[in-house]
$ cat start_22.txt   # compact mmCIF, C-alpha atoms
# COMPACT_ATOMS: atom_id res chain seq x y z
CA MET A 487 0.00 0.00 0.00
CA ILE A 488 1.27 3.51 -0.89
CA TRP A 489 0.52 5.12 2.47
CA GLU A 490 1.92 2.14 4.39
CA HIS A 491 5.26 2.87 2.73
CA VAL A 492 5.01 6.58 3.65
CA LYS A 493 4.19 5.60 7.25
CA GLU A 494 7.25 3.36 7.49
CA ARG A 495 9.54 6.11 6.16
CA LEU A 496 8.19 8.67 8.62
CA GLU A 497 8.50 6.21 11.53
CA ALA A 498 12.15 5.65 10.63
CA VAL A 499 12.84 9.40 10.56
CA LEU A 500 10.84 10.39 13.65
CA GLN A 501 11.54 7.25 15.69
CA SER A 502 7.89 7.18 16.75
CA PRO A 503 5.07 4.74 15.91
CA ILE A 504 2.40 5.91 13.44
CA GLN A 505 -0.98 4.38 12.72
CA ILE A 506 -3.15 4.60 9.62
CA SER A 507 -6.80 4.81 10.59
CA LEU A 508 -10.24 6.00 9.52
CA ILE A 509 -12.35 8.46 11.50
CA PRO A 510 -15.91 9.65 10.77
CA GLU A 511 -16.00 12.63 8.42
CA SER A 512 -18.19 14.52 10.92
CA ASP A 513 -15.55 14.06 13.68
CA TRP A 514 -12.82 15.42 11.41
CA HIS A 515 -14.87 18.50 10.48
CA GLN A 516 -15.64 19.14 14.15
CA LEU A 517 -11.95 18.99 15.06
CA VAL A 518 -11.12 21.34 12.18
CA GLU A 519 -13.81 23.77 13.27
CA ASP A 520 -12.71 23.69 16.91
CA GLN A 521 -9.04 24.34 16.06
CA GLY A 522 -9.27 26.39 12.88
CA GLU A 523 -6.43 24.38 11.34
CA ARG A 524 -6.94 25.33 7.69
CA HIS A 525 -4.24 25.90 5.11
CA GLU A 526 -5.35 27.18 1.70
CA GLY A 527 -8.81 25.69 2.22
CA VAL A 528 -7.57 22.23 3.25
CA SER A 529 -7.12 20.91 6.79
CA ARG A 530 -3.72 19.23 6.98
CA SER A 531 -3.58 18.16 10.62
CA VAL A 532 -5.48 18.50 13.89
CA ILE A 533 -4.92 17.64 17.54
CA ARG A 534 -7.13 15.11 19.32
CA GLY A 535 -6.21 14.69 22.97
CA GLN A 536 -2.54 13.68 23.04
CA GLU A 537 -2.54 12.69 19.36
CA VAL A 538 -1.97 14.54 16.10
CA LEU A 539 -4.05 13.41 13.12
CA PHE A 540 -2.71 14.12 9.62
CA PHE A 541 -5.14 14.25 6.69
CA VAL A 542 -4.47 11.67 3.97
CA SER A 543 -7.67 11.29 1.93
CA MET A 544 -11.46 11.43 1.96
CA GLU A 545 -13.34 8.15 1.75
CA HIS A 546 -17.01 7.14 2.06
CA LYS A 547 -18.16 9.33 4.99
CA GLU A 548 -14.73 8.83 6.57
CA VAL A 549 -11.31 10.48 6.58
CA ARG A 550 -8.11 8.44 6.32
CA VAL A 551 -5.45 9.82 8.67
CA LEU A 552 -1.93 9.18 9.90
CA GLN A 553 -2.14 9.14 13.68
CA MET A 554 0.75 9.63 16.11
CA ASP A 555 1.64 10.73 19.65
CA GLY A 556 1.70 14.52 19.73
CA SER A 557 3.70 14.74 22.97
CA LYS A 558 6.77 13.48 21.13
CA LEU A 559 6.31 15.71 18.09
CA THR A 560 7.91 19.14 17.72
CA THR A 561 6.38 21.90 15.62
CA SER A 562 9.05 21.36 12.95
CA GLU A 563 8.41 17.62 12.86
CA ARG A 564 4.67 18.18 12.53
CA LYS A 565 5.35 20.47 9.58
CA LEU A 566 7.66 17.83 8.08
CA VAL A 567 4.90 15.20 8.21
CA GLU A 568 2.43 17.61 6.61
CA LEU A 569 4.83 18.46 3.79
CA THR A 570 5.71 14.78 3.23
CA ILE A 571 2.04 13.86 2.86
CA GLU A 572 1.34 16.87 0.64
CA SER A 573 4.34 16.03 -1.55
CA LYS A 574 3.12 12.47 -2.01
CA GLN A 575 -0.40 13.64 -2.83
CA THR A 576 0.93 16.12 -5.41
CA LEU A 577 3.18 13.49 -7.01
CA GLU A 578 0.29 11.06 -7.29
CA LYS A 579 -1.87 13.71 -8.95
CA LYS A 580 0.85 14.51 -11.48
CA GLN A 581 1.52 10.86 -12.26
CA PHE A 582 -2.15 10.04 -12.48
CA GLY A 583 -2.95 13.14 -14.52
CA SER A 584 -0.17 12.59 -17.05
CA TYR A 585 -2.14 9.94 -18.90
CA LEU A 586 -5.70 11.11 -18.29
CA SER A 587 -8.00 11.67 -21.23
CA GLU A 588 -9.63 15.08 -21.65
CA ASP A 589 -12.93 13.52 -20.56
CA GLU A 590 -11.43 12.17 -17.34
CA ARG A 591 -9.67 15.47 -16.62
CA LYS A 592 -13.03 17.24 -16.78
CA SER A 593 -14.54 14.64 -14.45
CA ASN A 594 -11.70 15.09 -11.97
CA GLN A 595 -12.21 18.86 -12.00
CA LEU A 596 -15.87 18.28 -11.11
CA ARG A 597 -14.77 15.84 -8.42
CA GLU A 598 -12.39 18.39 -6.89
CA TRP A 599 -15.12 21.02 -6.82
CA LEU A 600 -17.57 18.62 -5.13
CA LEU A 601 -14.99 17.60 -2.54
CA GLN A 602 -14.25 21.25 -1.78
CA GLN A 603 -17.94 21.82 -1.04
CA MET A 604 -17.93 18.79 1.26
CA GLU A 605 -14.83 20.11 3.04
CA ARG A 606 -16.57 23.45 3.59
CA GLY A 607 -19.66 21.73 4.96
CA THR A 608 -22.05 23.55 2.61
CA SER A 609 -25.43 22.08 1.66
CA HIS A 610 -26.21 24.08 -1.50
CA ALA A 611 -23.80 25.34 -4.15
CA GLU A 612 -24.08 26.05 -7.87
CA LEU A 613 -21.38 24.95 -10.26
CA PRO A 614 -19.14 27.69 -11.68
CA ASP A 615 -20.09 28.47 -15.29
CA ALA A 616 -16.71 27.29 -16.56
CA LEU A 617 -17.18 23.79 -15.12
CA ALA A 618 -20.85 23.53 -16.05
CA SER A 619 -20.38 24.60 -19.66
CA GLN A 620 -17.39 22.40 -20.47
CA SER A 621 -19.28 19.28 -19.36
CA SER A 622 -22.71 20.20 -20.76
CA LEU A 623 -24.32 20.29 -17.33
CA TYR A 624 -27.03 22.82 -18.15
CA SER A 625 -29.19 20.11 -19.74
CA THR A 626 -31.37 17.81 -17.64
CA LYS A 627 -29.74 14.55 -16.48
CA ILE A 628 -30.80 11.44 -14.56
CA PRO A 629 -28.62 11.26 -11.41
CA LEU A 630 -27.46 7.90 -10.05
CA LEU A 631 -24.99 7.27 -7.24
CA LEU A 632 -23.01 4.05 -7.38
CA TYR A 633 -21.19 2.63 -4.36
CA GLY A 634 -19.11 -0.48 -4.99
CA ASP A 635 -18.50 -2.93 -2.15
CA TYR A 636 -15.29 -4.16 -3.75
CA PRO A 637 -12.10 -4.83 -1.74
CA GLN A 638 -10.22 -1.80 -0.41
CA ASN A 639 -7.11 -2.53 -2.45
CA GLN A 640 -8.95 -3.08 -5.74
CA ARG A 641 -8.63 -0.32 -8.32
CA VAL A 642 -11.49 0.42 -10.70
CA SER A 643 -10.65 1.94 -14.06
CA TYR A 644 -12.58 5.11 -14.94
CA THR A 645 -12.30 4.34 -18.65
CA GLU A 646 -13.52 0.75 -18.33
CA LEU A 647 -16.42 1.63 -16.05
CA LYS A 648 -17.55 4.49 -18.31
CA LYS A 649 -17.37 2.23 -21.35
CA LEU A 650 -19.43 -0.41 -19.56
CA LEU A 651 -22.06 2.13 -18.49
CA GLU A 652 -22.37 3.68 -21.95
CA SER A 653 -22.74 0.22 -23.43
CA PHE A 654 -25.64 -0.43 -21.04
CA PHE A 655 -27.36 2.94 -21.54
CA GLU A 656 -26.57 3.02 -25.27
CA ALA A 657 -25.88 6.71 -24.78
CA GLU A 658 -23.10 9.05 -23.68
CA ILE A 659 -22.99 9.61 -19.92
CA ILE A 660 -21.02 11.73 -17.47
CA LEU A 661 -19.10 9.74 -14.85
CA ILE A 662 -17.59 11.50 -11.84
CA PRO A 663 -15.45 9.63 -9.27
CA LEU A 664 -16.22 10.93 -5.78
CA LEU A 665 -14.89 9.36 -2.58
CA GLU A 666 -13.39 5.89 -2.39
CA LYS A 667 -15.65 3.36 -4.19
CA GLU A 668 -18.22 6.08 -4.96
CA TRP A 669 -19.25 7.25 -8.45
CA LEU A 670 -21.79 9.80 -9.64
CA ILE A 671 -23.48 8.90 -12.93
CA LEU A 672 -25.35 11.53 -14.95
CA ALA A 673 -27.36 9.90 -17.72
CA PRO A 674 -29.32 11.73 -20.47
CA GLU A 675 -32.97 12.45 -19.74
CA VAL A 676 -33.94 10.95 -23.11
CA LEU A 677 -33.65 7.50 -21.50
CA ILE A 678 -36.97 8.11 -19.73
CA THR A 679 -38.62 10.65 -22.03
CA SER A 680 -38.37 8.72 -25.29
CA GLY A 681 -41.75 7.21 -26.00
CA SER A 682 -43.43 9.25 -23.26
CA GLU A 683 -46.12 10.33 -25.69
CA GLU A 684 -47.24 6.70 -25.87
CA ARG A 685 -47.60 6.27 -22.12
CA ASP A 686 -50.99 6.49 -20.51
CA GLY A 687 -51.89 7.45 -16.96
CA ASP A 688 -50.09 9.59 -14.45
CA GLU A 689 -46.84 11.11 -15.79
CA GLU A 690 -44.98 11.11 -12.46
CA GLU A 691 -45.82 7.48 -11.81
CA SER A 692 -44.55 6.55 -15.28
CA VAL A 693 -41.26 8.31 -14.57
CA GLU A 694 -40.92 6.45 -11.26
CA GLN A 695 -41.59 3.10 -12.91
CA THR A 696 -39.14 3.83 -15.73
CA LEU A 697 -36.40 4.89 -13.30
CA ASP A 698 -37.05 1.80 -11.19
CA ALA A 699 -36.70 -0.45 -14.24
CA LEU A 700 -33.59 1.44 -15.37
CA GLY A 701 -31.97 1.03 -11.94
CA SER A 702 -32.87 -2.65 -11.72
CA GLY A 703 -31.35 -3.38 -15.11
CA LEU A 704 -28.21 -1.40 -14.33
CA TYR A 705 -27.73 -3.12 -10.97
CA GLU A 706 -28.03 -6.59 -12.53
CA MET A 707 -25.48 -5.69 -15.19
CA LEU A 708 -23.02 -4.21 -12.68
CA ALA A 709 -23.39 -7.10 -10.24
CA ASN A 710 -22.69 -9.64 -13.00
CA GLU A 711 -20.16 -7.87 -15.20
CA TRP A 712 -18.37 -5.39 -12.91
CA VAL A 713 -16.92 -6.24 -9.50
CA GLY A 714 -19.83 -7.89 -7.71
CA GLU A 715 -22.01 -6.37 -5.00
CA CYS A 716 -22.81 -2.68 -5.21
CA HIS A 717 -25.44 -0.18 -4.08
CA LEU A 718 -27.30 2.13 -6.43
CA ALA A 719 -29.34 5.22 -5.54
CA ILE A 720 -31.57 7.00 -8.07
CA ASP A 721 -33.41 10.32 -8.04
CA PHE A 722 -35.61 12.28 -10.42
CA PRO A 723 -33.94 14.18 -13.32
CA VAL A 724 -32.14 17.42 -12.39
CA LYS A 725 -30.15 20.20 -14.01
CA PRO A 726 -26.66 19.55 -12.59
CA ALA A 727 -25.39 23.11 -13.11
CA LYS A 728 -27.82 24.31 -10.46
CA SER A 729 -28.16 21.37 -8.10
CA MET A 730 -25.42 18.74 -8.61
CA PHE A 731 -23.94 19.08 -5.12
CA ALA A 732 -27.34 19.01 -3.38
CA THR A 733 -28.26 15.98 -5.50
CA VAL A 734 -25.12 14.11 -4.40
CA LEU A 735 -26.04 14.74 -0.75
CA LYS A 736 -29.59 13.46 -1.33
CA LEU A 737 -28.35 10.35 -3.12
CA ARG A 738 -25.91 9.61 -0.30
CA GLU A 739 -28.74 9.96 2.19
CA THR A 740 -30.83 7.60 0.05
CA ILE A 741 -28.17 4.88 0.16
CA MET A 742 -27.73 5.37 3.92
CA LEU A 743 -31.49 5.05 4.56
CA GLY A 744 -31.83 2.07 2.24
CA ARG A 745 -28.94 0.20 3.84
CA SER A 746 -30.19 1.01 7.36
CA PHE A 747 -33.85 0.10 6.98
CA HIS A 748 -33.72 -2.51 4.21
CA VAL A 749 -30.70 -4.76 4.68
CA GLY A 750 -30.34 -6.99 1.65
CA SER A 751 -31.65 -4.37 -0.77
CA PHE A 752 -29.18 -2.87 -3.24
CA ILE A 753 -31.35 -0.52 -5.32
CA HIS A 754 -32.48 2.53 -3.35
CA LEU A 755 -35.15 4.84 -4.78
CA ARG A 756 -35.49 8.18 -3.02
CA TRP A 757 -39.26 8.41 -3.46
CA GLU A 758 -39.72 5.04 -1.78
CA LEU A 759 -37.84 6.05 1.37
CA ARG A 760 -39.86 9.08 2.51
CA LEU A 761 -41.20 7.32 5.60
CA GLU A 762 -37.75 5.96 6.45
CA LYS A 763 -36.29 9.47 6.21
CA LEU A 764 -38.88 10.75 8.66
CA LEU A 765 -38.25 7.91 11.11
CA HIS A 766 -34.48 8.39 10.87
CA LEU A 767 -34.88 11.89 12.35
CA ILE A 768 -36.53 10.57 15.53
CA GLU A 769 -34.37 10.35 18.65
CA GLU A 770 -33.24 6.84 19.58
CA GLU A 771 -34.99 6.95 22.95
CA GLU A 772 -38.29 7.86 21.27
CA LYS A 773 -37.88 5.00 18.79
CA THR A 774 -37.43 2.55 21.67
CA ASP A 775 -40.41 3.99 23.57
CA PHE A 776 -42.64 3.68 20.51
CA LEU A 777 -41.68 0.02 20.01
CA GLU A 778 -42.36 -0.78 23.64
CA GLN A 779 -45.79 0.88 23.47
CA VAL A 780 -46.80 -0.87 20.25
CA LEU A 781 -45.35 -4.35 20.79
CA ARG A 782 -45.72 -4.36 24.59
CA GLY A 783 -43.02 -6.95 25.14
CA THR A 784 -44.17 -9.24 22.32
CA ASP A 785 -41.29 -8.48 19.93
CA HIS A 786 -40.28 -12.16 20.21
CA VAL A 787 -43.09 -12.93 17.73
CA LEU A 788 -41.21 -11.07 14.99
CA ASP A 789 -39.36 -14.09 13.65
CA SER A 790 -38.19 -14.14 10.02
CA GLU A 791 -41.37 -15.84 8.75
CA THR A 792 -43.66 -13.34 10.47
CA VAL A 793 -41.62 -10.33 9.33
CA THR A 794 -41.56 -11.59 5.73
CA THR A 795 -45.30 -12.23 5.81
CA LEU A 796 -46.11 -8.79 7.19
CA GLU A 797 -43.78 -6.98 4.80
CA HIS A 798 -45.36 -8.65 1.76
CA PHE A 799 -48.82 -7.97 3.19
CA PHE A 800 -48.07 -4.24 3.47
CA THR A 801 -46.32 -4.06 0.09
CA LEU A 802 -49.42 -5.56 -1.56
CA ASP A 803 -51.78 -3.05 0.11
CA CYS A 804 -52.98 -5.54 2.74
CA ASN A 805 -54.53 -7.73 0.05
CA VAL A 806 -54.87 -11.24 1.48
CA SER A 807 -55.25 -13.09 -1.83
CA GLU A 808 -52.33 -11.34 -3.56
CA THR A 809 -50.08 -11.80 -0.51
CA ALA A 810 -50.84 -15.53 -0.37
CA LYS A 811 -49.95 -15.85 -4.07
CA LYS A 812 -46.72 -13.91 -3.58
CA LEU A 813 -45.70 -16.13 -0.65
CA TYR A 814 -46.81 -19.33 -2.45
CA ILE A 815 -49.05 -20.33 0.44
CA HIS A 816 -52.76 -21.08 0.80
CA ARG A 817 -55.02 -18.17 1.66
CA ASN A 818 -56.05 -19.91 4.89
CA THR A 819 -52.39 -20.31 5.89
CA LEU A 820 -51.92 -16.57 5.57
CA LEU A 821 -55.07 -15.90 7.59
CA TYR A 822 -53.79 -18.27 10.27
CA ARG A 823 -50.50 -16.35 10.48
CA LEU A 824 -52.31 -13.00 10.75
CA ASP A 825 -54.67 -14.35 13.41
CA LYS A 826 -51.75 -15.77 15.35
CA PHE A 827 -50.01 -12.39 15.25
CA LYS A 828 -53.23 -10.71 16.42
CA ASN A 829 -53.66 -13.14 19.33
CA GLU A 830 -50.09 -12.64 20.56
CA THR A 831 -49.83 -8.86 20.10
CA GLY A 832 -53.41 -7.62 20.11
CA LEU A 833 -52.76 -6.00 16.73
CA ASP A 834 -54.95 -6.85 13.73
CA VAL A 835 -53.09 -5.70 10.63
CA ARG A 836 -56.27 -6.09 8.56
CA THR A 837 -57.49 -2.86 10.18
CA PHE A 838 -56.01 0.46 9.02
CA ASN A 839 -54.88 1.86 12.38
CA HIS A 840 -53.18 -1.34 13.50
CA ALA A 841 -51.58 -1.81 10.07
CA VAL A 842 -50.02 1.66 10.31
CA LEU A 843 -48.67 0.98 13.81
CA VAL A 844 -47.17 -2.37 12.85
CA ARG A 845 -45.68 -0.97 9.63
CA LEU A 846 -43.86 1.73 11.62
CA ALA A 847 -42.84 -0.73 14.32
CA LEU A 848 -41.31 -3.09 11.75
CA LEU A 849 -39.16 -0.33 10.27
CA LEU A 850 -37.97 0.84 13.68
CA TYR A 851 -37.45 -2.72 14.92
CA LYS A 852 -34.92 -3.35 12.15
CA VAL A 853 -32.67 -0.43 13.04
CA THR A 854 -32.98 -0.62 16.83
CA LYS A 855 -32.47 -4.39 16.93
CA ARG A 856 -29.15 -4.14 15.08
CA LYS A 857 -27.95 -1.53 17.54

$ encode --input "start_22.txt" --output "structure tokens"
Amino acid sequence: MIWEHVKERLEAVLQSPIQISLIPESDWHQLVEDQGERHEGVSRSVIRGQEVLFFVSMEHKEVRVLQMDGSKLTTSERKLVELTIESKQTLEKKQFGSYLSEDERKSNQLREWLLQQMERGTSHAELPDALASQSSLYSTKIPLLLYGDYPQNQRVSYTELKKLLESFFEAEIILIPLLEKEWLILAPEVLITSGSEERDGDEEESVEQTLDALGSGLYEMLANEWVGECHLAIDFPVKPAKSMFATVLKLRETIMLGRSFHVGSFIHLRWELRLEKLLHLIEEEEKTDFLEQVLRGTDHVLDSETVTTLEHFFTLDCNVSETAKKLYIHRNTLLYRLDKFKNETGLDVRTFNHAVLVRLALLLYKVTKRK
């Protein structure tokens, strides 16, 4: 590993052990804010207790740092570590940039701008005209956020991934590498508007269905032909020049909510996670209190079979016949399971009020149980 080699060299010079670790991005920003340690817009190092943390790179909601004992570090030595890291980062950029295509250079410029906004902790920012115009970001695009669960040491080629995506979409796309394992995809709006004049019914629903199908097809292709398991978040079309940064934040939130409330799901649609977003904002103590009030100590009945049955029942609008078909069981078997749940909890999910309570309890039970 590159930074392992840098660590060993610094340890030899300073005669002091150094660790490479990851800390939450929010913790890093708090330390930076508390100490005001900024140099030309970038935080190079901060103090945490008796330690000094040196910035190495941004990763998925985390910051990679070199960590060492500050009591044994002089001001000059701290500066030496900062300059060594900065020198390595600059060298990597030059080496990496020497063989970049014009397309990839533009994408990296967009990446740098997005990372600067993250570093500043802003929530809304418009792209500078120079960046927006050179990448045609004034036209409407379909935003997708791809997070690959591939091994930490595995490198993914920008050129190969872009070629694979354009082969799937059969159209030119914009691909922007963000943090480690994270890619923003901006696909042309024509993918969902072509043939719209032939669609009947509600326009918004048609867009949702088309985006769902697009995401499902893309996930299957990536899972089979790319590097295995990945997560994909999708939102409605946007004009990136005005809202690209805000869109990235929303897509990240979508993946976080999907992974928290629906373990085992890999395609996360923002419009399907509105309830989960609301529940996520509730304090942990209130979540626990709600579960205790609704389940009243009967949470032991929520075994895998019962949870699966209830989730399908709610997904299919509490339709007994359709749920039985979906679960490949007899209608009477389903009624037996629902009656059993009612007898043990006092909650009849065939009534609206009880169905709402149990639906909320199931979502909260998943996140509180894992904690």

$ atom_distance --input "start_22.txt" --atom1 "CA of Leu623 in chain A" --atom2 "CA of Ala709 in chain A"
28.3 Å

$ residues_around --input "start_22.txt" --residues "Lys627 in chain A" --least-positions-apart "2" --cutoff "8 Å" --atoms "only C-alpha atoms" --output "list in words"
Leu623, Ser625, Pro629, Leu672, Ala673, Pro674, Glu675, Pro723, Val724, Lys725 and Pro726 of chain A

$ atom_distance --input "start_22.txt" --atom1 "CA of Val518 in chain A" --atom2 "CA of Val551 in chain A"
13.3 Å

$ closest_residue --input "start_22.txt" --among "A:Glu511, A:Thr740, A:Leu708, A:Gly556" --to "Ile533 in chain A" --atoms "all atoms listed in the file"
A:Gly556

$ closest_residue --input "start_22.txt" --among "A:Leu596, A:Ala699, A:Leu767, A:Ala847" --to "Ile662 in chain A" --atoms "all atoms listed in the file"
A:Leu596

$ residues_around --input "start_22.txt" --residues "Met604 in chain A" --least-positions-apart "5" --cutoff "9 Å" --atoms "all atoms listed in the file" --output "list in words"
Trp599, Ser609 and Phe731 of chain A

$ atom_distance --input "start_22.txt" --atom1 "CA of Phe799 in chain A" --atom2 "CA of Ser692 in chain A"
23.9 Å

$ closest_residue --input "start_22.txt" --among "A:Val835, A:Leu630, A:Leu813, A:Leu796" --to "Leu849 in chain A" --atoms "all atoms listed in the file"
A:Leu796

$ closest_atom_pairs --input "start_22.txt" --of "range 664-733 of chain A" --to "range 643-647 of chain A" --cutoff "12 Å" --atoms "all atoms listed in the file" --output "tab-separated table"
residue	atom	partner	partner_atom	distance
A:Leu664	CA	A:Tyr644	CA	11.4
A:Lys667	CA	A:Ser643	CA	11.2
A:Glu668	CA	A:Tyr644	CA	11.5
A:Trp669	CA	A:Tyr644	CA	9.5
A:Leu670	CA	A:Tyr644	CA	11.6
A:Ile671	CA	A:Leu647	CA	10.6
A:Met707	CA	A:Leu647	CA	11.7
A:Leu708	CA	A:Leu647	CA	9.4
A:Glu711	CA	A:Leu647	CA	10.2
A:Trp712	CA	A:Leu647	CA	7.9
A:Val713	CA	A:Leu647	CA	10.3

$ write_last_selection --input "start_22.txt" --atoms "C-alpha atoms" --output "short mmCIF file (atom, residue, chain, number, x, y, z; two decimals), keeping the file's coordinate frame"
data_model
loop_
_atom_site.label_atom_id
_atom_site.label_comp_id
_atom_site.auth_asym_id
_atom_site.auth_seq_id
_atom_site.Cartn_x
_atom_site.Cartn_y
_atom_site.Cartn_z
CA LEU A 664 -16.22 10.93 -5.78
CA LYS A 667 -15.65 3.36 -4.19
CA GLU A 668 -18.22 6.08 -4.96
CA TRP A 669 -19.25 7.25 -8.45
CA LEU A 670 -21.79 9.80 -9.64
CA ILE A 671 -23.48 8.90 -12.93
CA MET A 707 -25.48 -5.69 -15.19
CA LEU A 708 -23.02 -4.21 -12.68
CA GLU A 711 -20.16 -7.87 -15.20
CA TRP A 712 -18.37 -5.39 -12.91
CA VAL A 713 -16.92 -6.24 -9.50
#

$ decode --input "start_22.txt" --residues "range 757-769 of chain A" --atoms "N, CA and C atoms" --output "short mmCIF file (atom, residue, chain, number, x, y, z; two decimals), in the first residue's frame"
data_model
loop_
_atom_site.label_atom_id
_atom_site.label_comp_id
_atom_site.auth_asym_id
_atom_site.auth_seq_id
_atom_site.Cartn_x
_atom_site.Cartn_y
_atom_site.Cartn_z
N TRP A 757 -37.83 8.21 -3.70
CA TRP A 757 -39.26 8.41 -3.46
C TRP A 757 -39.90 7.26 -2.70
N GLU A 758 -39.19 6.16 -2.55
CA GLU A 758 -39.72 5.04 -1.78
C GLU A 758 -39.22 5.03 -0.33
N LEU A 759 -38.43 6.03 0.04
CA LEU A 759 -37.84 6.05 1.37
C LEU A 759 -38.26 7.29 2.16
N ARG A 760 -39.40 7.87 1.82
CA ARG A 760 -39.86 9.08 2.51
C ARG A 760 -40.19 8.79 3.98
N LEU A 761 -40.85 7.68 4.23
CA LEU A 761 -41.20 7.32 5.60
C LEU A 761 -39.94 7.01 6.40
N GLU A 762 -39.00 6.29 5.78
CA GLU A 762 -37.75 5.96 6.45
C GLU A 762 -36.96 7.22 6.80
N LYS A 763 -36.99 8.21 5.93
CA LYS A 763 -36.29 9.47 6.21
C LYS A 763 -36.89 10.16 7.43
N LEU A 764 -38.21 10.14 7.52
CA LEU A 764 -38.88 10.75 8.66
C LEU A 764 -38.53 10.03 9.96
N LEU A 765 -38.55 8.70 9.91
CA LEU A 765 -38.25 7.91 11.11
C LEU A 765 -36.79 8.07 11.54
N HIS A 766 -35.91 8.25 10.57
CA HIS A 766 -34.48 8.39 10.87
C HIS A 766 -34.22 9.63 11.74
N LEU A 767 -35.07 10.65 11.61
CA LEU A 767 -34.88 11.89 12.35
C LEU A 767 -35.32 11.80 13.81
N ILE A 768 -36.02 10.72 14.15
CA ILE A 768 -36.53 10.57 15.53
C ILE A 768 -35.39 10.15 16.46
N GLU A 769 -35.39 10.71 17.65
CA GLU A 769 -34.37 10.35 18.65
C GLU A 769 -34.45 8.87 19.00
#
